[in-house]
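**Q** model28.txt is reproduced in full below (compact mmCIF, C-alpha atoms (C1' of nucleotides)).
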# COMPACT_ATOMS: atom_id res chain seq x y z
CA MET X 8 8.45 22.18 135.33
CA LEU X 9 11.78 23.90 135.65
CA ASP X 10 13.28 20.44 135.45
CA ALA X 11 12.77 20.20 131.72
CA LEU X 12 14.72 23.37 131.16
CA VAL X 13 17.48 22.51 133.61
CA ASN X 14 17.81 18.96 132.36
CA THR X 15 18.37 20.10 128.83
CA LEU X 16 20.76 22.84 129.79
CA SER X 17 22.69 20.22 131.75
CA LYS X 18 23.50 18.41 128.56
CA TYR X 19 25.85 21.25 127.72
CA VAL X 20 26.73 22.92 131.02
CA THR X 21 26.88 21.71 134.60
CA LEU X 22 24.90 23.93 136.94
CA THR X 23 25.26 24.25 140.69
CA PRO X 24 22.08 24.53 142.80
CA GLU X 25 22.62 28.30 143.11
CA GLU X 26 22.94 28.59 139.38
CA VAL X 27 19.74 26.61 138.91
CA THR X 28 18.03 29.18 141.13
CA ILE X 29 19.39 32.00 139.01
CA VAL X 30 18.20 30.29 135.85
CA GLY X 31 14.77 29.81 137.43
CA SER X 32 14.54 33.49 138.28
CA LEU X 33 15.41 34.74 134.80
CA PHE X 34 13.11 32.60 132.67
CA THR X 35 9.35 32.97 132.44
CA PHE X 36 7.02 30.04 132.01
CA ARG X 37 4.20 30.45 129.57
CA THR X 38 1.58 28.38 127.76
CA PHE X 39 0.05 28.82 124.33
CA ARG X 40 -2.96 27.06 122.90
CA LYS X 41 -3.04 25.47 119.48
CA HIS X 42 -3.14 28.15 116.75
CA GLN X 43 -1.84 30.89 119.02
CA TYR X 44 1.19 32.85 117.92
CA ILE X 45 4.42 33.01 119.89
CA LEU X 46 5.71 35.60 117.43
CA GLN X 47 4.11 37.51 114.60
CA GLU X 48 5.83 39.14 111.66
CA GLY X 49 6.53 42.81 112.28
CA GLU X 50 6.88 42.48 116.04
CA ILE X 51 10.27 42.79 117.65
CA THR X 52 11.26 39.47 119.16
CA ARG X 53 11.53 40.08 122.88
CA HIS X 54 12.24 36.51 123.96
CA GLU X 55 14.10 33.44 123.00
CA THR X 56 11.81 30.49 123.59
CA PHE X 57 12.55 27.02 124.92
CA ILE X 58 9.85 24.42 124.26
CA VAL X 59 8.90 22.21 127.19
CA LYS X 60 5.93 20.53 125.55
CA GLY X 61 4.24 20.95 122.21
CA VAL X 62 5.02 21.69 118.57
CA THR X 63 5.69 25.01 116.88
CA ARG X 64 6.10 26.09 113.34
CA THR X 65 8.28 28.97 112.17
CA PHE X 66 7.30 30.34 108.79
CA GLU X 67 7.68 33.29 106.49
CA VAL X 68 5.15 34.76 104.07
CA ASP X 69 6.48 35.71 100.64
CA GLU X 70 5.35 38.60 98.40
CA LYS X 71 2.82 36.33 96.76
CA GLY X 72 1.26 35.58 100.12
CA GLN X 73 2.55 32.02 100.27
CA GLU X 74 3.68 30.59 103.58
CA HIS X 75 6.98 28.74 103.78
CA VAL X 76 7.90 26.67 106.82
CA LEU X 77 11.48 27.31 107.92
CA GLN X 78 11.53 25.14 111.03
CA PHE X 79 9.41 23.00 113.28
CA GLY X 80 10.02 23.16 117.02
CA LEU X 81 9.61 20.29 119.46
CA GLU X 82 10.29 19.55 123.11
CA ASP X 83 13.76 20.73 124.20
CA TRP X 84 14.30 22.96 121.19
CA TRP X 85 14.91 26.67 121.06
CA VAL X 86 12.82 28.74 118.68
CA GLY X 87 12.70 32.42 117.91
CA ASP X 88 13.75 34.88 115.26
CA LEU X 89 17.36 35.23 116.29
CA TYR X 90 18.09 38.14 114.03
CA SER X 91 15.13 40.15 115.30
CA PHE X 92 15.93 39.26 118.90
CA LEU X 93 19.55 40.31 118.67
CA THR X 94 19.15 43.42 116.58
CA GLU X 95 15.79 44.46 118.04
CA THR X 96 14.32 44.92 114.60
CA PRO X 97 10.88 43.72 113.40
CA ALA X 98 10.72 40.00 112.79
CA LYS X 99 10.23 38.66 109.30
CA SER X 100 9.04 35.31 110.52
CA ASN X 101 6.03 34.03 112.41
CA ILE X 102 5.89 31.29 115.00
CA ASP X 103 2.63 29.58 115.82
CA CYS X 104 1.66 26.48 117.77
CA LEU X 105 0.45 23.32 116.11
CA GLU X 106 -0.50 21.87 119.49
CA ASP X 107 -1.03 23.32 122.96
CA THR X 108 2.51 24.32 123.88
CA GLN X 109 4.42 25.09 127.08
CA VAL X 110 7.57 27.14 126.97
CA TYR X 111 10.21 28.95 128.95
CA GLN X 112 11.16 32.36 127.67
CA ILE X 113 14.02 34.70 128.38
CA THR X 114 14.29 38.37 127.49
CA LYS X 115 17.38 40.02 126.14
CA PRO X 116 18.19 41.90 129.37
CA ASN X 117 17.71 38.71 131.37
CA LEU X 118 19.93 36.85 128.96
CA GLU X 119 22.64 39.46 129.49
CA THR X 120 22.22 39.05 133.23
CA LEU X 121 22.44 35.32 132.83
CA TYR X 122 25.69 35.62 130.88
CA GLU X 123 27.03 37.81 133.63
CA LYS X 124 25.99 35.68 136.58
CA VAL X 125 26.54 32.30 134.93
CA PRO X 126 29.21 32.93 132.31
CA LYS X 127 29.29 29.35 131.13
CA MET X 128 25.81 29.93 129.70
CA GLU X 129 27.41 32.03 127.01
CA ARG X 130 29.08 28.87 125.83
CA HIS X 131 25.74 27.09 125.76
CA PHE X 132 24.12 29.72 123.59
CA ARG X 133 27.07 29.90 121.25
CA ILE X 134 26.60 26.16 120.77
CA VAL X 135 22.88 26.58 120.18
CA ILE X 136 23.57 29.15 117.49
CA GLN X 137 26.30 27.03 115.96
CA ASN X 138 24.01 24.04 115.76
CA ALA X 139 21.31 26.14 114.20
CA TYR X 140 23.84 27.41 111.67
CA ILE X 141 25.06 23.94 110.86
CA ALA X 142 21.50 22.69 110.42
CA ALA X 143 20.79 25.57 108.07
CA ILE X 144 23.88 24.82 105.98
CA LYS X 145 22.89 21.18 105.77
CA ARG X 146 19.50 22.17 104.55
CA VAL X 147 20.98 24.41 101.87
CA ALA X 148 23.25 21.58 100.76
CA SER X 149 20.39 19.12 100.64
CA SER X 150 18.12 21.47 98.70
CA LEU X 151 20.91 21.83 96.14
CA ALA X 152 21.80 18.18 95.90
CA LYS X 153 18.59 16.24 96.32
CA SER X 154 15.24 15.59 94.70
CA ALA X 155 11.96 16.17 96.52
CA THR X 156 11.63 12.43 97.18
CA GLU X 157 15.08 12.22 98.71
CA ARG X 158 14.47 15.26 100.87
CA TYR X 159 11.24 13.75 102.09
CA LEU X 160 12.93 10.47 102.98
CA ASP X 161 15.68 12.35 104.76
CA PHE X 162 13.10 14.32 106.68
CA THR X 163 11.12 11.28 107.82
CA SER X 164 14.22 9.41 108.90
CA GLN X 165 15.71 12.42 110.64
CA TYR X 166 12.54 13.69 112.33
CA PRO X 167 10.11 10.78 112.66
CA GLN X 168 8.61 12.46 115.73
CA ILE X 169 7.73 15.54 113.71
CA GLU X 170 6.24 13.65 110.82
CA GLN X 171 3.71 12.04 113.13
CA ARG X 172 2.58 15.26 114.76
CA VAL X 173 2.44 17.72 111.90
CA PRO X 174 -0.10 17.85 109.05
CA ASN X 175 1.22 16.83 105.67
CA HIS X 176 0.67 20.16 104.01
CA GLN X 177 2.98 21.78 106.56
CA ILE X 178 5.63 19.19 105.80
CA ALA X 179 5.19 19.92 102.12
CA SER X 180 5.77 23.59 102.82
CA TYR X 181 8.91 22.73 104.78
CA LEU X 182 10.19 20.62 101.91
CA GLY X 183 9.38 23.33 99.38
CA ILE X 184 6.81 21.32 97.40
CA THR X 185 3.02 21.36 97.05
CA PRO X 186 0.80 19.13 99.19
CA GLN X 187 -0.24 17.33 96.00
CA SER X 188 3.34 16.49 95.13
CA LEU X 189 3.96 15.24 98.64
CA SER X 190 0.89 13.05 98.49
CA ARG X 191 2.07 11.58 95.21
CA LEU X 192 5.60 10.82 96.26
CA ARG X 193 4.33 9.27 99.48
CA SER X 194 2.08 6.92 97.54
CA GLN X 195 4.57 5.78 94.97
CA PRO X 196 5.81 2.34 95.99
CA HIS X 197 9.34 3.00 97.27
CA LYS X 198 10.95 4.04 94.09
CA LYS X 199 14.64 3.41 93.97
CA GLN X 200 16.23 6.48 95.43
CA LYS X 201 19.46 6.55 93.45
CA MET J 15 49.10 43.77 105.20
CA LEU J 16 47.89 43.47 108.76
CA ASP J 17 45.93 46.62 108.06
CA ALA J 18 43.29 44.78 106.09
CA LEU J 19 42.61 42.47 108.96
CA VAL J 20 42.66 45.17 111.60
CA ASN J 21 40.52 47.54 109.56
CA THR J 22 37.82 44.99 109.17
CA LEU J 23 37.92 43.88 112.76
CA SER J 24 37.60 47.55 113.69
CA LYS J 25 34.17 47.65 112.13
CA TYR J 26 32.96 45.55 115.02
CA VAL J 27 35.44 46.10 117.85
CA THR J 28 37.76 48.93 118.76
CA LEU J 29 41.32 47.76 119.29
CA THR J 30 44.08 49.50 121.21
CA PRO J 31 47.62 49.47 119.77
CA GLU J 32 48.59 46.70 122.22
CA GLU J 33 45.62 44.65 121.12
CA VAL J 34 46.58 45.15 117.50
CA THR J 35 49.98 43.72 118.37
CA ILE J 36 48.36 40.70 120.00
CA VAL J 37 46.15 40.16 116.98
CA GLY J 38 49.20 40.40 114.75
CA SER J 39 51.01 37.77 116.77
CA LEU J 40 48.18 35.22 116.69
CA PHE J 41 47.28 35.27 113.01
CA THR J 42 49.36 33.81 110.22
CA PHE J 43 49.54 35.35 106.78
CA ARG J 44 49.43 32.99 103.85
CA THR J 45 48.95 33.04 100.11
CA PHE J 46 47.31 30.52 97.81
CA ARG J 47 47.43 30.41 94.07
CA LYS J 48 44.40 29.94 91.88
CA HIS J 49 43.14 26.34 92.08
CA GLN J 50 44.93 25.61 95.33
CA TYR J 51 42.87 24.28 98.20
CA ILE J 52 42.58 26.04 101.54
CA LEU J 53 40.67 23.03 102.86
CA GLN J 54 39.98 19.58 101.49
CA GLU J 55 37.20 17.24 102.47
CA GLY J 56 38.31 14.76 105.10
CA GLU J 57 40.90 17.04 106.69
CA ILE J 58 40.28 18.52 110.07
CA THR J 59 39.93 22.27 109.75
CA ARG J 60 42.80 23.74 111.72
CA HIS J 61 42.19 27.40 110.87
CA GLU J 62 39.52 29.93 110.39
CA THR J 63 40.45 32.02 107.38
CA PHE J 64 40.06 35.72 106.72
CA ILE J 65 40.36 36.77 103.08
CA VAL J 66 42.53 39.80 102.38
CA LYS J 67 42.52 39.52 98.61
CA GLY J 68 41.04 36.99 96.23
CA VAL J 69 38.00 34.77 95.77
CA THR J 70 37.26 31.39 97.30
CA ARG J 71 34.60 28.79 96.75
CA THR J 72 33.28 26.47 99.43
CA PHE J 73 31.64 23.35 98.05
CA GLU J 74 30.51 19.86 98.92
CA VAL J 75 30.53 16.76 96.76
CA ASP J 76 27.39 14.59 96.93
CA GLU J 77 27.13 10.79 96.62
CA LYS J 78 26.68 11.12 92.88
CA GLY J 79 29.95 13.00 92.65
CA GLN J 80 28.32 16.33 91.89
CA GLU J 81 29.81 19.49 93.33
CA HIS J 82 27.54 22.03 95.02
CA VAL J 83 28.74 25.50 95.88
CA LEU J 84 27.72 26.53 99.38
CA GLN J 85 29.44 29.89 99.52
CA PHE J 86 31.77 32.21 97.72
CA GLY J 87 34.33 34.16 99.74
CA LEU J 88 35.62 37.61 98.93
CA GLU J 89 37.84 40.27 100.50
CA ASP J 90 37.01 40.82 104.19
CA TRP J 91 35.00 37.60 104.56
CA TRP J 92 35.64 34.70 106.85
CA VAL J 93 35.59 31.23 105.37
CA GLY J 94 36.12 27.78 106.82
CA ASP J 95 34.18 24.71 107.83
CA LEU J 96 32.98 25.94 111.18
CA TYR J 97 31.66 22.60 112.32
CA SER J 98 34.91 20.82 111.56
CA PHE J 99 36.95 23.60 113.14
CA LEU J 100 34.99 23.61 116.37
CA THR J 101 34.51 19.89 116.80
CA GLU J 102 37.87 18.87 115.32
CA THR J 103 36.22 16.34 113.06
CA PRO J 104 36.95 15.79 109.35
CA ALA J 105 35.48 18.45 107.10
CA LYS J 106 32.70 17.62 104.69
CA SER J 107 33.38 20.66 102.59
CA ASN J 108 36.19 21.85 100.37
CA ILE J 109 37.48 25.36 99.88
CA ASP J 110 39.51 26.28 96.84
CA CYS J 111 40.67 29.53 95.32
CA LEU J 112 39.21 30.94 92.12
CA GLU J 113 41.94 33.58 91.98
CA ASP J 114 45.31 34.02 93.67
CA THR J 115 44.28 34.64 97.24
CA GLN J 116 45.85 36.17 100.34
CA VAL J 117 44.54 35.31 103.77
CA TYR J 118 45.06 35.57 107.49
CA GLN J 119 44.50 32.37 109.43
CA ILE J 120 44.05 31.62 113.09
CA THR J 121 44.25 28.25 114.79
CA LYS J 122 41.88 27.09 117.48
CA PRO J 123 44.43 27.40 120.31
CA ASN J 124 45.33 30.89 119.12
CA LEU J 125 41.68 31.80 118.93
CA GLU J 126 41.24 30.69 122.55
CA THR J 127 44.24 32.81 123.48
CA LEU J 128 42.76 35.72 121.59
CA TYR J 129 39.47 35.38 123.47
CA GLU J 130 41.42 35.37 126.68
CA LYS J 131 43.67 38.31 125.97
CA VAL J 132 41.15 40.37 124.01
CA PRO J 133 37.76 39.28 125.34
CA LYS J 134 35.81 41.60 123.11
CA MET J 135 36.89 39.45 120.17
CA GLU J 136 34.46 36.82 121.37
CA ARG J 137 31.72 39.27 120.57
CA HIS J 138 33.13 39.75 117.10
CA PHE J 139 33.12 36.06 116.35
CA ARG J 140 29.65 35.56 117.74
CA ILE J 141 28.51 38.24 115.30
CA VAL J 142 30.34 36.56 112.42
CA ILE J 143 28.57 33.29 113.20
CA GLN J 144 25.23 35.01 113.58
CA ASN J 145 25.59 36.69 110.24
CA ALA J 146 26.53 33.43 108.63
CA TYR J 147 23.49 31.81 110.21
CA ILE J 148 21.18 34.56 109.04
CA ALA J 149 22.56 34.34 105.51
CA ALA J 150 21.96 30.60 105.52
CA ILE J 151 18.36 31.01 106.71
CA LYS J 152 17.74 33.58 104.01
CA ARG J 153 19.04 31.21 101.44
CA VAL J 154 16.77 28.42 102.64
CA ALA J 155 13.80 30.78 102.53
CA SER J 156 14.65 31.92 99.03
CA SER J 157 15.15 28.40 97.73
CA LEU J 158 11.69 27.55 99.03
CA ALA J 159 9.94 30.64 97.76
CA LYS J 160 11.58 31.55 94.51
CA SER J 161 12.11 30.37 90.96
CA ALA J 162 15.56 29.94 89.47
CA THR J 163 15.20 33.23 87.60
CA GLU J 164 14.31 35.12 90.75
CA ARG J 165 17.16 33.56 92.70
CA TYR J 166 19.57 34.54 89.95
CA LEU J 167 18.34 38.13 89.92
CA ASP J 168 18.61 38.25 93.71
CA PHE J 169 22.12 36.92 93.50
CA THR J 170 23.29 39.41 90.90
CA SER J 171 21.81 42.35 92.75
CA GLN J 172 23.11 41.20 96.11
CA TYR J 173 26.59 40.15 95.00
CA PRO J 174 27.42 42.02 91.79
CA GLN J 175 31.12 41.80 92.73
CA ILE J 176 30.96 38.03 92.82
CA GLU J 177 29.09 37.68 89.56
CA GLN J 178 31.86 39.47 87.74
CA ARG J 179 34.68 37.39 89.16
CA VAL J 180 33.26 33.88 89.17
CA PRO J 181 32.59 31.61 86.17
CA ASN J 182 28.94 31.07 85.33
CA HIS J 183 28.92 27.36 85.94
CA GLN J 184 29.99 27.99 89.54
CA ILE J 185 27.16 30.44 89.96
CA ALA J 186 24.80 27.85 88.50
CA SER J 187 26.03 25.38 91.09
CA TYR J 188 25.46 27.94 93.84
CA LEU J 189 21.93 28.55 92.59
CA GLY J 190 21.23 24.84 92.31
CA ILE J 191 20.65 24.76 88.56
CA THR J 192 22.57 23.50 85.53
CA PRO J 193 24.92 25.76 83.57
CA GLN J 194 22.61 25.32 80.58
CA SER J 195 19.62 26.60 82.50
CA LEU J 196 21.59 29.56 83.77
CA SER J 197 22.69 30.39 80.25
CA ARG J 198 19.08 30.28 79.09
CA LEU J 199 17.60 32.41 81.81
CA ARG J 200 20.38 34.94 81.33
CA SER J 201 19.55 35.26 77.66
CA GLN J 202 15.82 35.58 77.95
CA PRO J 203 14.95 39.25 77.57
CA HIS J 204 14.06 40.36 81.10
CA LYS J 205 10.97 38.35 81.64
CA LYS J 206 8.53 39.83 84.08
CA GLN J 207 9.56 38.45 87.44
CA LYS J 208 6.16 38.36 89.09
C1' DC F 14 48.89 28.55 68.04
C1' DG F 15 46.34 24.75 69.89
C1' DA F 16 44.16 22.06 73.63
C1' DA F 17 41.01 22.26 77.22
C1' DA F 18 37.40 24.50 79.47
C1' DA F 19 33.34 27.39 79.45
C1' DT F 20 29.30 28.82 77.32
C1' DT F 21 25.55 28.53 74.25
C1' DT F 22 22.02 26.27 71.54
C1' DG F 23 18.80 22.54 70.07
C1' DA F 24 15.78 18.56 70.78
C1' DC F 25 13.57 16.00 73.91
C1' DA F 26 12.32 14.01 78.63
C1' DT F 27 10.51 14.56 83.12
C1' DG F 28 9.49 16.19 87.76
C1' DA F 29 6.79 19.24 89.92
C1' DC F 30 3.05 22.70 89.46
C1' DT F 31 -1.77 24.28 88.60
C1' DC F 32 -6.48 23.66 88.37
C1' DA F 33 -10.18 20.90 89.34
C1' DA F 34 -12.85 17.23 91.17
C1' DC F 35 -13.59 13.84 94.59
C1' DT F 36 -13.17 11.40 99.30
C1' DG F 37 -13.34 11.10 104.05
C1' DG F 38 -13.12 12.76 108.68
C1' DA F 39 -14.05 16.48 112.33
C1' DG F 40 -16.80 19.66 114.10
C1' DT F 41 -21.38 22.26 114.37
C1' DG F 42 -26.06 23.23 114.79
C1' DG F 43 -30.80 22.02 114.12
C1' DC W 8 -28.28 11.88 115.78
C1' DC W 9 -28.31 13.38 111.25
C1' DA W 10 -27.39 16.95 107.65
C1' DC W 11 -24.11 20.34 106.56
C1' DT W 12 -19.84 22.48 106.13
C1' DC W 13 -14.98 22.76 106.30
C1' DC W 14 -10.55 21.16 105.68
C1' DA W 15 -6.91 17.82 104.75
C1' DG W 16 -5.68 14.62 101.68
C1' DT W 17 -5.88 12.23 97.22
C1' DT W 18 -6.25 11.71 92.27
C1' DG W 19 -6.47 13.08 87.28
C1' DA W 20 -5.26 15.93 83.22
C1' DG W 21 -2.66 19.23 81.13
C1' DT W 22 1.29 22.67 81.39
C1' DC W 23 5.70 24.55 82.31
C1' DA W 24 10.24 24.94 84.20
C1' DT W 25 14.23 22.73 84.42
C1' DG W 26 17.04 18.68 83.46
C1' DT W 27 19.57 15.56 80.12
C1' DC W 28 22.15 14.55 76.19
C1' DA W 29 24.54 16.15 72.34
C1' DA W 30 26.82 19.30 69.45
C1' DA W 31 28.47 23.84 68.00
C1' DT W 32 30.90 27.95 69.35
C1' DT W 33 33.72 30.92 72.08
C1' DT W 34 37.09 31.85 75.52
C1' DT W 35 41.04 30.88 78.28
C1' DC W 36 45.55 29.96 78.93
C1' DG W 37 49.79 27.14 78.60
Please rewrite the model in this file as structure tokens.
**A**
Amino acid sequence: MLDALVNTLSKYVTLTPEEVTIVGSLFTFRTFRKHQYILQEGEITRHETFIVKGVTRTFEVDEKGQEHVLQFGLEDWWVGDLYSFLTETPAKSNIDCLEDTQVYQITKPNLETLYEKVPKMERHFRIVIQNAYIAAIKRVASSLAKSATERYLDFTSQYPQIEQRVPNHQIASYLGITPQSLSRLRSQPHKKQK
Amino acid sequence: MLDALVNTLSKYVTLTPEEVTIVGSLFTFRTFRKHQYILQEGEITRHETFIVKGVTRTFEVDEKGQEHVLQFGLEDWWVGDLYSFLTETPAKSNIDCLEDTQVYQITKPNLETLYEKVPKMERHFRIVIQNAYIAAIKRVASSLAKSATERYLDFTSQYPQIEQRVPNHQIASYLGITPQSLSRLRSQPHKKQK
DNA sequence: CGAAAATTTGACATGACTCAACTGGAGTGG
DNA sequence: CCACTCCAGTTGAGTCATGTCAAATTTTCG
């Protein structure tokens, strides 16, 4: 179980056996069933969450009551409302599980302890945040530059694993289009994408 | 001159006189004239840039040759292609100046030195990145949830200073619409925004 | 002053939305 | 095991927001 966490961390930092023990002592393992919430709007995010197994969906609800998917989460990904976690303010986003999901979670105090005892972990989390930032910028750029069809094709080629495990109407929400539009552009016979 | 930099840094970290001296020794002051580039696509970003005076525009060019504004930069803001800076790979974005602009710049080696000599600066830069990330997420959420008119109204209320100093067609590019559309939605007499 | 750039306006095209109906599969209870 | 419901997905028709192309007008700046 811990292996999944340690293996992924090892991609970015090398951990000694003692450090692995420290990591093990600071994270909590937890499972959620399909449809359960890891985080609900209005709560203060108390944990950052590392997904061992399963699929999550991070979404916001706008003033008109519409849901908008900001991110899907898969094995080895971190999810959470970073802003809420860091500032200890109520979250604006929700995270629920699209499948039964297993995670490791760390609280803010434990994360501080981790930084203290294993300083190189600070580097790892800076990289996680940077990657998240870069992904967000890319998404802004693509929403400015590309049509719905192009964004869908990008999505399927970039995240084929997600496409297979998530209902279409959630993908539509992620892409910022209606399920009907998604259905239509999926059915049209490979229009030239220029 | 240094004051502008130090004042802003002081919002996040308290610096002793010696630390101010260190900061002063690691940053370089530079001026750019309107239309000059701080960064051009394909170059490796050697500096992170702090704006003392002026306005910048960060943009990408898509395969069709269209420019898309990712960010405007104003006094007290940091700009730069973070990914390129950190990974030392060629930048995908360009940054040019919409007015004569004065900046402080820091190289990667100097930034490492700064972290070493004034460790609390690491905290400052983590916060800068976090804020940038949060702004990017907000922008994704708003591009999913809102109409062009709503995004424009959000923009003008959130960045009135920018609206006054930047040509409309650049704002249109930032909003992801054509200059014609922007002109039209500006002229329509305050439609209900529900 | 005059050229180039920015903005506005008009006419028309189109991509994506809404509303509505229909299909098919998954789960539930009699 | 079938009838029923629920929900995701698809399809059709009409509408609307925004884009495209083109031209007129205004502003900027050398």
**Q** Would you please work out which residue, of F:DT31, F:DG37, F:DG42, F:DT20, is nearest to chain X when using only C-alpha atoms (C1' of nucleotides)?
**A**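 Among F:DT31, F:DG37, F:DG42, F:DT20, it is F:DT31 that comes nearest to chain X.
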**Q** Taking only C-alpha atoms into account, report as a PDB file with C-alpha atoms, keeping the file's coordinate frame which residues of chain X lie within 7 Å of chain J.
**A**
ATOM      1  CA  ASP X  69       6.480  35.710 100.640  1.00  0.00           C
ATOM      2  CA  HIS X  75       6.980  28.740 103.780  1.00  0.00           C
ATOM      3  CA  LEU X  77      11.480  27.310 107.920  1.00  0.00           C
ATOM      4  CA  TYR X  90      18.090  38.140 114.030  1.00  0.00           C
ATOM      5  CA  TYR X 140      23.840  27.410 111.670  1.00  0.00           C
ATOM      6  CA  ILE X 141      25.060  23.940 110.860  1.00  0.00           C
ATOM      7  CA  ALA X 143      20.790  25.570 108.070  1.00  0.00           C
ATOM      8  CA  ILE X 144      23.880  24.820 105.980  1.00  0.00           C
ATOM      9  CA  VAL X 147      20.980  24.410 101.870  1.00  0.00           C
ATOM     10  CA  ALA X 148      23.250  21.580 100.760  1.00  0.00           C
ATOM     11  CA  LEU X 151      20.910  21.830  96.140  1.00  0.00           C
ATOM     12  CA  ALA X 152      21.800  18.180  95.900  1.00  0.00           C
ATOM     13  CA  GLY X 183       9.380  23.330  99.380  1.00  0.00           C
TER      14      GLY X 183
END
**Q** Would you tabulate, counting all atoms listed in the file, all residues of stretch 114-179 of chain J that have an atom at most 12 Å from an atom of stretch 13-26 of chain W, showing the closest pair of atoms and their distance in Å to one decimal, sorted by chain then ascending number, as JSON lines?
**A**
{"residue": "J:Ser161", "atom": "CA", "partner": "W:DA24", "partner_atom": "C1'", "distance": 8.9}
{"residue": "J:Ala162", "atom": "CA", "partner": "W:DT25", "partner_atom": "C1'", "distance": 8.9}
{"residue": "J:Thr163", "atom": "CA", "partner": "W:DA24", "partner_atom": "C1'", "distance": 10.2}
**Q** Would you write out those residues with C-alpha atoms, as an mmCIF file, keeping the file's coordinate frame?
**A**
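Final output, result07.cif:
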data_model
loop_
_atom_site.group_PDB
_atom_site.id
_atom_site.type_symbol
_atom_site.label_atom_id
_atom_site.label_comp_id
_atom_site.auth_asym_id
_atom_site.auth_seq_id
_atom_site.Cartn_x
_atom_site.Cartn_y
_atom_site.Cartn_z
ATOM 1 C CA SER J 161 12.110 30.370 90.960
ATOM 2 C CA ALA J 162 15.560 29.940 89.470
ATOM 3 C CA THR J 163 15.200 33.230 87.600
#
**Q** Could you tell me how far atom CA of X:Ser32 lies from atom CA of X:Thr52, in Å and to one decimal?
**A**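 Distance reported for this atom pair: 20.3 Å.
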**Q** Taking all atoms listed in the file into account and nothing else, which residues of chain F lie no more than 12 Å away from chain X? Please answer as a VMD selection string.
**A** chain F and resid 28 to 32
**Q** Just the number, please: distance in Å from atom CA of X:Asn101 to atom CA of X:Glu129, one decimal.
**A** 26.0 Å
**Q** Give me, as a VMD selection string, all polymer residues having an atom no more than 12 Å from W:DG37, counting all atoms listed in the file and skipping those fewer than 2 positions away in the same chain.
**A** (chain F and resid 14 to 17) or (chain W and resid 35)
**Q** What's the separation between atom CA of X:Asp103 and atom CA of X:Gly87, in Å to one decimal place?
**A**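 According to the coordinates, atom CA of X:Asp103 and atom CA of X:Gly87 are separated by 10.7 Å.
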**Q** Would you kindly report the residues of chain X within 9 Å of chain W, using all atoms listed in the file, as a PyMOL selection string?
**A** chain X and resi 174-176+186-187+190-191
**Q** Within 12 Å of (12.7, 30.4, 136.2) (file coordinates; all atoms listed in the file), which protein or nucleic acid residues are there? I'd like them as a list of chain:residue names.
**A**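 Residues found, by chain and rising number: X:Met8, X:Leu9, X:Asp10, X:Ala11, X:Leu12, X:Val13, X:Glu26, X:Val27, X:Thr28, X:Ile29, X:Val30, X:Gly31, X:Ser32, X:Leu33, X:Phe34, X:Thr35, X:Phe36, X:Arg37, X:Phe57, X:Val110, X:Tyr111, X:Gln112, X:Ile113, X:Thr114, X:Asn117, X:Leu121.
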**Q** With 8 Å on each side, where is the centre of the axis-aligned box around all listed atoms of stretch 17-32 of chain W, and how long are its edges in Å to one decimal, as AutoDock Vina command-line options?
**A**
--center_x 12.2 --center_y 19.8 --center_z 82.6 --size_x 53.4 --size_y 32.2 --size_z 45.2
**Q** Return the single residue from X:Tyr166, X:Trp85, X:Phe79, X:Tyr44 that is closest to X:His131, with distances computed using only C-alpha atoms.
**A**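 Residue with the minimum atom-to-atom distance to X:His131: X:Trp85.
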**Q** Extract, using all atoms listed in the file, all DNA, RNA and protein residues at most 6 Å from X:Gln109, discarding same-chain residues fewer than 3 positions from it, and format them as a PyMOL selection string.
**A** chain X and resi 37-38+59-60
**Q** Kindly indicate which residue among J:Arg60, J:Lys25, J:Arg200, J:Arg71 lies nearest to J:Thr101, using all atoms listed in the file for the distances.
**A**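 Closest to J:Thr101, using all atoms listed in the file: J:Arg60.
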